[in-house]
file entry01.txt (compact mmCIF, C-alpha atoms)
# COMPACT_ATOMS: atom_id res chain seq x y z
CA MET H 1 38.84 9.28 13.85
CA ASN H 2 41.89 11.50 14.20
CA LEU H 3 40.64 14.80 15.64
CA TYR H 4 44.13 16.33 15.68
CA LYS H 5 44.00 16.74 11.92
CA TYR H 6 41.37 19.47 12.48
CA ALA H 7 44.00 21.61 14.22
CA SER H 8 45.19 22.38 10.71
CA PRO H 9 43.38 25.37 9.12
CA VAL H 10 43.24 23.53 5.78
CA ASN H 11 41.41 20.56 7.31
CA PHE H 12 39.22 22.66 9.61
CA TYR H 13 37.92 24.84 6.74
CA PRO H 14 35.50 22.26 5.24
CA LEU H 15 34.45 20.99 8.68
CA ALA H 16 33.52 24.55 9.76
CA GLY H 17 31.45 24.95 6.59
CA LYS H 18 29.50 21.79 7.42
CA ILE H 19 28.73 22.67 11.06
CA ILE H 20 27.79 26.36 10.63
CA PRO H 21 24.10 25.64 9.74
CA TRP H 22 23.78 23.50 12.90
CA PHE H 23 24.38 26.66 14.94
CA ALA H 24 22.94 29.39 12.69
CA ILE H 25 19.47 27.87 12.22
CA PRO H 26 18.84 27.05 15.93
CA ALA H 27 20.15 30.54 16.78
CA ALA H 28 17.52 32.17 14.55
CA ILE H 29 14.77 29.94 16.03
CA LEU H 30 15.86 30.65 19.62
CA PHE H 31 16.02 34.42 18.99
CA ALA H 32 12.41 34.27 17.78
CA VAL H 33 11.29 32.09 20.73
CA GLY H 34 13.21 34.24 23.24
CA LEU H 35 11.64 37.45 21.94
CA TYR H 36 8.19 35.84 22.01
CA VAL H 37 8.61 34.68 25.62
CA GLY H 38 10.19 38.02 26.59
CA PHE H 39 7.45 40.21 25.09
CA PHE H 40 4.32 38.03 25.18
CA VAL H 41 4.76 35.56 28.07
CA ALA H 42 6.92 37.29 30.70
CA PRO H 43 4.83 39.59 32.92
CA THR H 44 5.36 43.31 33.43
CA ASP H 45 7.75 43.99 36.30
CA ALA H 46 6.00 45.42 39.38
CA GLN H 47 8.70 48.01 40.06
CA GLN H 48 10.27 48.82 36.68
CA GLY H 49 7.30 48.34 34.38
CA ASP H 50 7.99 47.22 30.78
CA VAL H 51 11.39 48.89 30.53
CA TYR H 52 12.93 45.84 32.23
CA ARG H 53 12.39 43.93 28.92
CA ILE H 54 15.64 45.55 27.75
CA MET H 55 17.31 43.05 30.13
CA PHE H 56 16.48 40.18 27.75
CA ILE H 57 19.10 41.52 25.34
CA HIS H 58 21.28 43.56 27.73
CA VAL H 59 22.19 40.72 30.14
CA PRO H 60 23.01 38.08 27.46
CA ALA H 61 25.05 40.70 25.53
CA ALA H 62 27.01 41.62 28.68
CA TRP H 63 27.66 37.95 29.53
CA MET H 64 28.73 37.20 25.95
CA GLY H 65 31.12 40.16 25.98
CA MET H 66 32.87 38.70 29.05
CA PHE H 67 32.73 35.01 28.04
CA LEU H 68 34.04 35.72 24.56
CA TYR H 69 36.93 37.77 25.94
CA VAL H 70 38.04 34.86 28.15
CA LEU H 71 37.63 32.47 25.20
CA MET H 72 39.59 34.84 22.94
CA ALA H 73 42.41 35.07 25.50
CA ILE H 74 42.56 31.25 25.84
CA TYR H 75 42.73 30.76 22.06
CA ALA H 76 45.29 33.56 21.67
CA GLY H 77 47.38 32.11 24.52
CA VAL H 78 47.26 28.57 23.09
CA GLY H 79 48.14 29.94 19.65
CA TRP H 80 51.11 31.81 21.09
CA ALA H 81 52.36 29.00 23.37
CA PHE H 82 52.04 26.13 20.90
CA ASN H 83 52.43 28.10 17.66
CA ALA H 84 48.97 26.85 16.65
CA ARG H 85 47.83 28.94 13.67
CA LEU H 86 44.18 27.91 13.84
CA SER H 87 43.97 28.86 17.51
CA SER H 88 45.29 32.36 16.80
CA MET H 89 42.90 32.72 13.88
CA MET H 90 40.04 31.70 16.17
CA ALA H 91 41.03 34.44 18.64
CA THR H 92 41.03 37.00 15.81
CA SER H 93 37.61 35.78 14.70
CA ILE H 94 36.13 35.92 18.21
CA SER H 95 37.40 39.47 18.88
CA ILE H 96 34.94 41.21 16.52
CA THR H 97 31.88 39.35 17.83
CA GLY H 98 33.00 39.98 21.42
CA ALA H 99 33.46 43.69 20.73
CA SER H 100 30.03 43.82 19.09
CA PHE H 101 28.34 42.24 22.14
CA THR H 102 30.23 44.49 24.58
CA PHE H 103 29.20 47.58 22.60
CA LEU H 104 25.62 46.28 22.54
CA SER H 105 25.62 45.75 26.33
CA LEU H 106 26.79 49.34 26.89
CA VAL H 107 24.20 50.82 24.50
CA THR H 108 21.27 48.73 25.80
CA GLY H 109 22.40 49.50 29.37
CA ALA H 110 22.24 53.21 28.55
CA PHE H 111 18.71 52.77 27.14
CA TRP H 112 17.72 51.09 30.42
CA GLY H 113 19.62 53.60 32.60
CA LYS H 114 17.95 56.74 31.27
CA PRO H 115 14.36 55.93 32.36
CA THR H 116 15.48 53.99 35.47
CA TRP H 117 18.35 56.08 36.88
CA GLY H 118 17.59 59.33 35.03
CA THR H 119 20.91 59.30 33.14
CA TRP H 120 22.35 57.58 30.06
CA TRP H 121 25.75 57.05 31.68
CA VAL H 122 27.55 57.23 35.03
CA TRP H 123 31.19 56.45 35.76
CA ASP H 124 30.09 53.52 37.86
CA ALA H 125 32.53 50.61 38.49
CA ARG H 126 30.54 48.05 36.46
CA MET H 127 29.99 50.38 33.49
CA THR H 128 33.53 51.77 33.50
CA SER H 129 35.10 48.29 33.64
CA THR H 130 32.81 47.17 30.78
CA LEU H 131 33.91 50.22 28.77
CA ILE H 132 37.54 49.16 29.45
CA LEU H 133 36.62 45.70 28.10
CA LEU H 134 35.41 47.34 24.88
CA PHE H 135 38.69 49.29 24.66
CA LEU H 136 40.61 46.03 25.15
CA TYR H 137 38.71 44.43 22.27
CA VAL H 138 39.27 47.50 20.07
CA GLY H 139 42.96 47.50 21.09
CA PHE H 140 43.30 43.81 20.17
CA ILE H 141 41.63 44.32 16.78
CA SER H 142 43.63 47.50 16.02
CA LEU H 143 46.94 45.96 17.11
CA GLN H 144 46.43 42.94 14.88
CA ALA H 145 45.36 45.11 11.96
CA SER H 146 48.41 47.37 12.32
CA ILE H 147 50.98 44.55 11.92
CA ASP H 148 51.47 43.16 8.40
CA ASP H 149 52.99 39.81 9.38
CA PRO H 150 50.07 37.66 10.67
CA ARG H 151 52.27 35.56 12.99
CA ARG H 152 53.73 38.66 14.66
CA ALA H 153 50.24 40.18 14.86
CA ASP H 154 48.97 37.00 16.56
CA ARG H 155 51.76 37.11 19.17
CA ALA H 156 51.27 40.81 19.93
CA GLY H 157 47.50 40.31 20.19
CA ALA H 158 47.98 37.33 22.52
CA VAL H 159 50.00 39.44 24.98
CA LEU H 160 47.29 42.10 25.06
CA ALA H 161 44.47 39.53 25.34
CA LEU H 162 46.17 37.69 28.23
CA VAL H 163 46.99 40.87 30.14
CA GLY H 164 43.46 42.21 29.63
CA VAL H 165 41.73 39.07 30.92
CA ILE H 166 42.24 40.40 34.48
CA ASN H 167 39.48 42.90 33.68
CA VAL H 168 36.82 40.14 33.42
CA PRO H 169 36.69 39.19 37.15
CA ILE H 170 36.85 42.93 37.93
CA ILE H 171 33.67 43.45 35.87
CA TYR H 172 31.96 40.47 37.48
CA TYR H 173 32.79 41.37 41.09
CA SER H 174 32.63 45.17 40.66
CA VAL H 175 29.09 45.29 42.07
CA GLN H 176 30.31 43.50 45.22
CA TRP H 177 33.68 45.20 45.66
CA TRP H 178 32.47 48.78 45.19
CA ASN H 179 29.35 50.68 46.13
CA THR H 180 27.93 51.02 42.62
CA LEU H 181 24.73 52.33 41.07
CA HIS H 182 24.48 49.16 38.98
CA GLN H 183 22.33 46.48 40.58
CA GLY H 184 23.85 43.25 41.90
CA ALA H 185 23.56 39.84 40.23
CA THR H 186 20.02 38.41 40.11
CA ILE H 187 21.15 35.13 38.52
CA ARG H 188 23.86 33.13 40.26
CA ILE H 189 25.27 29.70 39.57
CA LEU H 190 25.20 28.42 43.16
CA ASN H 191 22.24 30.34 44.62
CA LYS H 192 18.58 30.38 43.62
CA PRO H 193 17.91 33.23 41.12
CA THR H 194 15.90 36.20 42.44
CA ILE H 195 13.93 36.59 39.21
CA ALA H 196 10.50 35.30 38.11
CA PRO H 197 10.74 31.93 36.25
CA LYS H 198 9.15 33.30 33.04
CA MET H 199 11.58 36.23 32.99
CA LEU H 200 14.47 33.85 33.66
CA ALA H 201 13.30 31.56 30.84
CA ALA H 202 13.27 34.45 28.33
CA MET H 203 16.74 35.53 29.44
CA LEU H 204 18.22 32.02 29.22
CA ILE H 205 16.67 31.40 25.79
CA MET H 206 18.14 34.68 24.53
CA LEU H 207 21.51 33.71 26.05
CA ALA H 208 21.42 30.35 24.24
CA ALA H 209 20.53 32.18 21.00
CA CYS H 210 23.46 34.57 21.49
CA TRP H 211 25.83 31.64 22.09
CA LEU H 212 24.70 29.76 18.98
CA TYR H 213 24.81 32.97 16.90
CA SER H 214 28.33 33.69 18.18
CA ILE H 215 29.58 30.22 17.28
CA ALA H 216 28.06 30.51 13.79
CA VAL H 217 29.47 33.97 12.95
CA VAL H 218 32.86 33.17 14.51
CA LEU H 219 33.10 30.04 12.31
CA VAL H 220 32.04 31.98 9.19
CA ARG H 221 34.65 34.67 9.90
CA LEU H 222 37.25 32.01 10.70
CA ARG H 223 36.72 30.48 7.25
CA TYR H 224 37.35 33.87 5.63
CA ILE H 225 40.49 34.38 7.74
CA ILE H 226 41.72 30.93 6.65
CA LEU H 227 40.94 31.80 3.01
CA GLU H 228 42.90 35.07 3.27
CA ARG H 229 45.91 33.63 5.09
CA GLU H 230 46.22 30.22 3.46
CA GLN H 231 45.33 31.17 -0.11
CA ASN H 232 48.82 30.41 -1.35
CA ALA H 233 48.91 26.87 -0.02
CA ALA H 234 48.67 24.46 -2.92
CA ARG H 235 46.90 21.87 -0.83
CA PHE H 236 44.33 24.42 0.24
CA ALA H 237 43.40 25.03 -3.39
CA GLU H 238 42.61 21.31 -3.71
CA VAL H 239 40.37 21.36 -0.62
CA THR H 240 38.41 24.47 -1.61
CA ALA H 241 38.09 23.50 -5.29
CA MET S 1 1.42 43.06 23.86
CA ASP S 2 1.47 46.77 24.64
CA TRP S 3 3.48 48.36 21.80
CA SER S 4 4.02 51.52 23.83
CA GLN S 5 5.69 49.36 26.51
CA GLY S 6 3.95 51.30 29.27
CA GLY S 7 5.35 54.60 28.00
CA TYR S 8 8.91 53.24 27.69
CA GLY S 9 8.59 52.33 24.00
CA PHE S 10 11.41 54.64 22.87
CA TYR S 11 13.87 53.00 25.26
CA VAL S 12 12.74 49.39 24.77
CA TRP S 13 12.47 49.54 20.96
CA GLY S 14 15.58 51.74 20.75
CA ALA S 15 17.59 49.07 22.61
CA TYR S 16 16.27 46.29 20.36
CA LEU S 17 16.89 48.39 17.25
CA PHE S 18 20.55 48.70 18.26
CA ALA S 19 20.64 44.93 18.85
CA LEU S 20 19.26 44.38 15.34
CA LEU S 21 21.83 46.79 13.90
CA ALA S 22 24.71 45.09 15.75
CA ILE S 23 23.70 41.56 14.73
CA GLY S 24 22.49 42.50 11.24
CA GLY S 25 25.56 44.68 10.70
CA GLU S 26 27.88 41.81 11.57
CA VAL S 27 26.09 39.47 9.16
CA ILE S 28 26.18 42.11 6.36
CA ALA S 29 29.88 42.80 7.03
CA LEU S 30 30.62 39.08 6.74
CA THR S 31 28.69 38.85 3.45
CA MET S 32 30.64 41.82 2.06
CA ARG S 33 33.93 40.23 3.20
CA LYS S 34 33.00 37.03 1.36
CA LYS S 35 32.34 38.99 -1.85
CA GLN S 36 35.65 40.82 -1.43
CA ILE S 37 37.62 37.57 -0.93
CA LEU S 38 35.92 35.89 -3.89
CA GLY S 39 36.65 38.96 -6.05
CA GLN S 40 40.32 38.88 -5.03
CA ARG S 41 40.57 35.17 -5.79
CA LYS S 42 38.92 35.67 -9.17
CA SER S 43 41.26 38.49 -10.17
CA ALA S 44 44.28 36.47 -8.95
CA GLU S 45 43.16 33.51 -11.08
CA GLU S 46 42.72 35.80 -14.14
CA ILE S 47 46.22 37.23 -13.66
CA SER S 48 47.74 33.75 -13.39
CA LYS S 49 45.78 32.62 -16.48
CA GLY S 50 47.07 35.64 -18.39
CA ARG S 51 50.64 34.81 -17.38
CA ASN S 52 50.20 31.20 -18.51
CA ASN S 53 48.85 32.37 -21.89
CA GLU S 54 51.83 34.74 -22.30
CA THR S 55 54.35 31.98 -21.62
CA THR S 56 52.65 29.41 -23.90
CA SER S 57 52.09 31.74 -26.90
call {"tool": "encode", "arguments": {"input": "entry01.txt", "output": "structure tokens"}}
result
Amino acid sequence: MNLYKYASPVNFYPLAGKIIPWFAIPAAILFAVGLYVGFFVAPTDAQQGDVYRIMFIHVPAAWMGMFLYVLMAIYAGVGWAFNARLSSMMATSISITGASFTFLSLVTGAFWGKPTWGTWWVWDARMTSTLILLFLYVGFISLQASIDDPRRADRAGAVLALVGVINVPIIYYSVQWWNTLHQGATIRILNKPTIAPKMLAAMLIMLAACWLYSIAVVLVRLRYIILEREQNAARFAEVTA
Amino acid sequence: MDWSQGGYGFYVWGAYLFALLAIGGEVIALTMRKKQILGQRKSAEEISKGRNNETTS
């Protein structure tokens, strides 16, 4: 099986259509399971009470915002370096979902901050760097939309995406580098998490749901981008017929 | 489940309402984009059909 043929937007279009349900349906199931575990199984937090349940959407949204930015920058960089059209289209497709998750992390963080800290917003290092991430996403989307030629738009977007990726480690380490109001990491890759197993389970299920949802919507949007950009290709008409 | 969320219902449900709007909004926007693309393709096909009819008649 020659996988390289799927680097072509024309060949990838039908493949994406076939695999979308394999991500969309499990995403819907995992969202339901995650919410059930988060609201019915996970206990009330001894210190924060029930308001901590916002974390089941806030933390996965914040992680997705960062992961998707790195992924977007990689695809944009590959598209720029190797003149790979599909890779650039993938970066464009990821940008909107990444921006949506980053916006969601800021809003849900504000809903948690008001009852916990007594304020909706502070110019704290973690929150400010996350706001910069949202601006980077918006900048990427606006820059691409403002240039008529898609190939030029891809190259300009790639420069911005690659420069902006430096903000991701700043967000991650901001709670260690600066004395911030935002709490430190409770889930770490190398260390044992400092969170109750049932709470951790709800959070990880919601994270898995967010990942699967992201893959599904990014693929759907990618198909539309391919349709818009490749509509004049004669061969494409044969594939989509 | 305590629907008042221990007195934090506004904040908890408000956060999840925004999550629903963000995810639902993205899905609706994609559906609308599909309709728009299909409409454009349809009108482009009609124009090309019209041109073919003009040249053959």
call {"tool": "closest_residue", "arguments": {"input": "entry01.txt", "among": "S:Leu38, S:Ala15, S:Met32, S:Ile23", "to": "chain H", "atoms": "only C-alpha atoms"}}
result
S:Ala15
call {"tool": "atom_distance", "arguments": {"input": "entry01.txt", "atom1": "CA of Asn167 in chain H", "atom2": "CA of Ser129 in chain H"}}
result
6.9 Å
call {"tool": "closest_atom_pairs", "arguments": {"input": "entry01.txt", "of": "chain H", "to": "chain S", "cutoff": "8 Å", "atoms": "only C-alpha atoms", "output": "Markdown table"}}
result
| residue | atom | partner | partner_atom | distance |
| --- | --- | --- | --- | --- |
| H:Phe39 | CA | S:Met1 | CA | 6.8 |
| H:Phe40 | CA | S:Met1 | CA | 6.0 |
| H:Gly49 | CA | S:Gly6 | CA | 6.8 |
| H:Asp50 | CA | S:Gln5 | CA | 5.3 |
| H:Val51 | CA | S:Tyr8 | CA | 5.8 |
| H:Arg53 | CA | S:Val12 | CA | 6.9 |
| H:Ile54 | CA | S:Val12 | CA | 5.7 |
| H:Ile57 | CA | S:Tyr16 | CA | 7.5 |
| H:Thr97 | CA | S:Glu26 | CA | 7.8 |
| H:Ser100 | CA | S:Ala22 | CA | 6.4 |
| H:Phe101 | CA | S:Ala22 | CA | 7.9 |
| H:Leu104 | CA | S:Ala19 | CA | 6.3 |
| H:Val107 | CA | S:Ala15 | CA | 7.1 |
| H:Thr108 | CA | S:Ala15 | CA | 4.9 |
| H:Phe111 | CA | S:Tyr11 | CA | 5.2 |
| H:Trp112 | CA | S:Tyr11 | CA | 6.7 |
| H:Pro115 | CA | S:Tyr8 | CA | 7.7 |
| H:Val217 | CA | S:Val27 | CA | 7.5 |
| H:Val220 | CA | S:Leu30 | CA | 7.6 |
| H:Arg221 | CA | S:Leu30 | CA | 6.8 |
| H:Tyr224 | CA | S:Lys34 | CA | 6.9 |
| H:Leu227 | CA | S:Ile37 | CA | 7.7 |
| H:Glu228 | CA | S:Ile37 | CA | 7.2 |
call {"tool": "residues_near_point", "arguments": {"input": "entry01.txt", "point": "(8.2, 31.0, 34.7)", "cutoff": "10 Å", "atoms": "only C-alpha atoms", "output": "list in words"}}
result
Val37, Val41, Ala42, Pro43, Ile195, Ala196, Pro197, Lys198, Met199, Leu200, Ala201 and Ala202 of chain H
call {"tool": "write_last_selection", "arguments": {"input": "entry01.txt", "atoms": "C-alpha atoms", "output": "mmCIF file, in the coordinates of the input"}}
result
data_model
loop_
_atom_site.group_PDB
_atom_site.id
_atom_site.type_symbol
_atom_site.label_atom_id
_atom_site.label_comp_id
_atom_site.auth_asym_id
_atom_site.auth_seq_id
_atom_site.Cartn_x
_atom_site.Cartn_y
_atom_site.Cartn_z
ATOM 1 C CA VAL H 37 8.610 34.680 25.620
ATOM 2 C CA VAL H 41 4.760 35.560 28.070
ATOM 3 C CA ALA H 42 6.920 37.290 30.700
ATOM 4 C CA PRO H 43 4.830 39.590 32.920
ATOM 5 C CA ILE H 195 13.930 36.590 39.210
ATOM 6 C CA ALA H 196 10.500 35.300 38.110
ATOM 7 C CA PRO H 197 10.740 31.930 36.250
ATOM 8 C CA LYS H 198 9.150 33.300 33.040
ATOM 9 C CA MET H 199 11.580 36.230 32.990
ATOM 10 C CA LEU H 200 14.470 33.850 33.660
ATOM 11 C CA ALA H 201 13.300 31.560 30.840
ATOM 12 C CA ALA H 202 13.270 34.450 28.330
#
call {"tool": "residues_around", "arguments": {"input": "entry01.txt", "residues": "Phe23 in chain H", "least_positions_apart": "2", "cutoff": "9 Å", "atoms": "all atoms listed in the file", "output": "PyMOL selection string"}}
result
chain H and resi 19-21+25-28+211-216
call {"tool": "atom_distance", "arguments": {"input": "entry01.txt", "atom1": "CA of Ala156 in chain H", "atom2": "CA of Gly77 in chain H"}}
result
10.6 Å
call {"tool": "residues_around", "arguments": {"input": "entry01.txt", "residues": "Leu133 in chain H", "least_positions_apart": "6", "cutoff": "9 Å", "atoms": "all atoms listed in the file", "output": "PyMOL selection string"}}
result
chain H and resi 65-66+69+99+102+164-165+167-168+171
call {"tool": "closest_residue", "arguments": {"input": "entry01.txt", "among": "H:Ala209, H:Leu162, H:Leu71, H:Ala145", "to": "Phe56 in chain H", "atoms": "all atoms listed in the file"}}
result
H:Ala209
call {"tool": "residues_around", "arguments": {"input": "entry01.txt", "residues": "Ser87 in chain H", "least_positions_apart": "6", "cutoff": "10 Å", "atoms": "all atoms listed in the file", "output": "list in words"}}
result
Ala7, Ser8, Pro9, Met72, Ile74, Tyr75, Ala76, Gly77, Val78, Gly79, Trp80, Ser93 and Asp154 of chain H
call {"tool": "atom_distance", "arguments": {"input": "entry01.txt", "atom1": "CA of Ala125 in chain H", "atom2": "CA of Leu143 in chain H"}}
result
26.2 Å
call {"tool": "build_atoms", "arguments": {"input": "entry01.txt", "residues": "range 142-166 of chain H", "atoms": "N, CA, C and O atoms", "output": "PDB file, in the frame of the given file"}}
result
ATOM      1  N   SER H 142      42.768  46.479  16.646  1.00  0.00           N
ATOM      2  CA  SER H 142      43.630  47.500  16.020  1.00  0.00           C
ATOM      3  C   SER H 142      45.079  47.041  15.959  1.00  0.00           C
ATOM      4  O   SER H 142      45.751  47.234  14.952  1.00  0.00           O
ATOM      5  N   LEU H 143      45.545  46.430  17.051  1.00  0.00           N
ATOM      6  CA  LEU H 143      46.940  45.960  17.110  1.00  0.00           C
ATOM      7  C   LEU H 143      47.186  44.916  16.034  1.00  0.00           C
ATOM      8  O   LEU H 143      48.200  44.978  15.318  1.00  0.00           O
ATOM      9  N   GLN H 144      46.261  43.978  15.898  1.00  0.00           N
ATOM     10  CA  GLN H 144      46.430  42.940  14.880  1.00  0.00           C
ATOM     11  C   GLN H 144      46.385  43.519  13.470  1.00  0.00           C
ATOM     12  O   GLN H 144      47.138  43.096  12.600  1.00  0.00           O
ATOM     13  N   ALA H 145      45.500  44.506  13.293  1.00  0.00           N
ATOM     14  CA  ALA H 145      45.360  45.110  11.960  1.00  0.00           C
ATOM     15  C   ALA H 145      46.578  45.956  11.588  1.00  0.00           C
ATOM     16  O   ALA H 145      46.857  46.176  10.402  1.00  0.00           O
ATOM     17  N   SER H 146      47.298  46.458  12.601  1.00  0.00           N
ATOM     18  CA  SER H 146      48.410  47.370  12.320  1.00  0.00           C
ATOM     19  C   SER H 146      49.721  46.632  11.995  1.00  0.00           C
ATOM     20  O   SER H 146      50.680  47.250  11.574  1.00  0.00           O
ATOM     21  N   ILE H 147      49.746  45.319  12.204  1.00  0.00           N
ATOM     22  CA  ILE H 147      50.980  44.550  11.920  1.00  0.00           C
ATOM     23  C   ILE H 147      50.759  43.687  10.677  1.00  0.00           C
ATOM     24  O   ILE H 147      49.801  42.901  10.623  1.00  0.00           O
ATOM     25  N   ASP H 148      51.644  43.854   9.691  1.00  0.00           N
ATOM     26  CA  ASP H 148      51.470  43.160   8.400  1.00  0.00           C
ATOM     27  C   ASP H 148      51.670  41.647   8.511  1.00  0.00           C
ATOM     28  O   ASP H 148      50.922  40.880   7.919  1.00  0.00           O
ATOM     29  N   ASP H 149      52.700  41.248   9.266  1.00  0.00           N
ATOM     30  CA  ASP H 149      52.990  39.810   9.380  1.00  0.00           C
ATOM     31  C   ASP H 149      51.970  39.162  10.329  1.00  0.00           C
ATOM     32  O   ASP H 149      51.936  39.487  11.526  1.00  0.00           O
ATOM     33  N   PRO H 150      51.125  38.239   9.822  1.00  0.00           N
ATOM     34  CA  PRO H 150      50.070  37.660  10.670  1.00  0.00           C
ATOM     35  C   PRO H 150      50.594  36.960  11.923  1.00  0.00           C
ATOM     36  O   PRO H 150      49.971  37.015  12.970  1.00  0.00           O
ATOM     37  N   ARG H 151      51.752  36.280  11.835  1.00  0.00           N
ATOM     38  CA  ARG H 151      52.270  35.560  12.990  1.00  0.00           C
ATOM     39  C   ARG H 151      52.718  36.528  14.090  1.00  0.00           C
ATOM     40  O   ARG H 151      52.496  36.296  15.266  1.00  0.00           O
ATOM     41  N   ARG H 152      53.334  37.632  13.681  1.00  0.00           N
ATOM     42  CA  ARG H 152      53.730  38.660  14.660  1.00  0.00           C
ATOM     43  C   ARG H 152      52.498  39.316  15.253  1.00  0.00           C
ATOM     44  O   ARG H 152      52.433  39.609  16.445  1.00  0.00           O
ATOM     45  N   ALA H 153      51.500  39.566  14.399  1.00  0.00           N
ATOM     46  CA  ALA H 153      50.240  40.180  14.860  1.00  0.00           C
ATOM     47  C   ALA H 153      49.548  39.278  15.876  1.00  0.00           C
ATOM     48  O   ALA H 153      49.023  39.752  16.889  1.00  0.00           O
ATOM     49  N   ASP H 154      49.581  37.969  15.633  1.00  0.00           N
ATOM     50  CA  ASP H 154      48.970  37.000  16.560  1.00  0.00           C
ATOM     51  C   ASP H 154      49.666  37.056  17.922  1.00  0.00           C
ATOM     52  O   ASP H 154      49.008  37.030  18.965  1.00  0.00           O
ATOM     53  N   ARG H 155      51.004  37.103  17.906  1.00  0.00           N
ATOM     54  CA  ARG H 155      51.760  37.110  19.170  1.00  0.00           C
ATOM     55  C   ARG H 155      51.499  38.400  19.960  1.00  0.00           C
ATOM     56  O   ARG H 155      51.269  38.351  21.168  1.00  0.00           O
ATOM     57  N   ALA H 156      51.517  39.523  19.260  1.00  0.00           N
ATOM     58  CA  ALA H 156      51.270  40.810  19.930  1.00  0.00           C
ATOM     59  C   ALA H 156      49.851  40.848  20.510  1.00  0.00           C
ATOM     60  O   ALA H 156      49.634  41.289  21.648  1.00  0.00           O
ATOM     61  N   GLY H 157      48.893  40.353  19.730  1.00  0.00           N
ATOM     62  CA  GLY H 157      47.500  40.310  20.190  1.00  0.00           C
ATOM     63  C   GLY H 157      47.338  39.411  21.401  1.00  0.00           C
ATOM     64  O   GLY H 157      46.578  39.730  22.319  1.00  0.00           O
ATOM     65  N   ALA H 158      48.078  38.290  21.405  1.00  0.00           N
ATOM     66  CA  ALA H 158      47.980  37.330  22.520  1.00  0.00           C
ATOM     67  C   ALA H 158      48.434  37.981  23.823  1.00  0.00           C
ATOM     68  O   ALA H 158      47.809  37.771  24.870  1.00  0.00           O
ATOM     69  N   VAL H 159      49.505  38.771  23.760  1.00  0.00           N
ATOM     70  CA  VAL H 159      50.000  39.440  24.980  1.00  0.00           C
ATOM     71  C   VAL H 159      48.918  40.368  25.529  1.00  0.00           C
ATOM     72  O   VAL H 159      48.586  40.328  26.713  1.00  0.00           O
ATOM     73  N   LEU H 160      48.339  41.160  24.632  1.00  0.00           N
ATOM     74  CA  LEU H 160      47.290  42.100  25.060  1.00  0.00           C
ATOM     75  C   LEU H 160      46.069  41.357  25.607  1.00  0.00           C
ATOM     76  O   LEU H 160      45.521  41.732  26.652  1.00  0.00           O
ATOM     77  N   ALA H 161      45.658  40.298  24.913  1.00  0.00           N
ATOM     78  CA  ALA H 161      44.470  39.530  25.340  1.00  0.00           C
ATOM     79  C   ALA H 161      44.697  38.916  26.724  1.00  0.00           C
ATOM     80  O   ALA H 161      43.809  38.962  27.584  1.00  0.00           O
ATOM     81  N   LEU H 162      45.885  38.352  26.944  1.00  0.00           N
ATOM     82  CA  LEU H 162      46.170  37.690  28.230  1.00  0.00           C
ATOM     83  C   LEU H 162      46.283  38.692  29.375  1.00  0.00           C
ATOM     84  O   LEU H 162      45.815  38.424  30.482  1.00  0.00           O
ATOM     85  N   VAL H 163      46.884  39.845  29.090  1.00  0.00           N
ATOM     86  CA  VAL H 163      46.990  40.870  30.140  1.00  0.00           C
ATOM     87  C   VAL H 163      45.588  41.403  30.477  1.00  0.00           C
ATOM     88  O   VAL H 163      45.233  41.587  31.642  1.00  0.00           O
ATOM     89  N   GLY H 164      44.786  41.607  29.453  1.00  0.00           N
ATOM     90  CA  GLY H 164      43.460  42.210  29.630  1.00  0.00           C
ATOM     91  C   GLY H 164      42.446  41.309  30.298  1.00  0.00           C
ATOM     92  O   GLY H 164      41.404  41.787  30.780  1.00  0.00           O
ATOM     93  N   VAL H 165      42.724  40.004  30.366  1.00  0.00           N
ATOM     94  CA  VAL H 165      41.730  39.070  30.920  1.00  0.00           C
ATOM     95  C   VAL H 165      41.483  39.357  32.419  1.00  0.00           C
ATOM     96  O   VAL H 165      40.421  39.005  32.942  1.00  0.00           O
ATOM     97  N   ILE H 166      42.413  40.027  33.065  1.00  0.00           N
ATOM     98  CA  ILE H 166      42.240  40.400  34.480  1.00  0.00           C
ATOM     99  C   ILE H 166      41.023  41.308  34.674  1.00  0.00           C
ATOM    100  O   ILE H 166      40.429  41.353  35.756  1.00  0.00           O
TER     101      ILE H 166
END
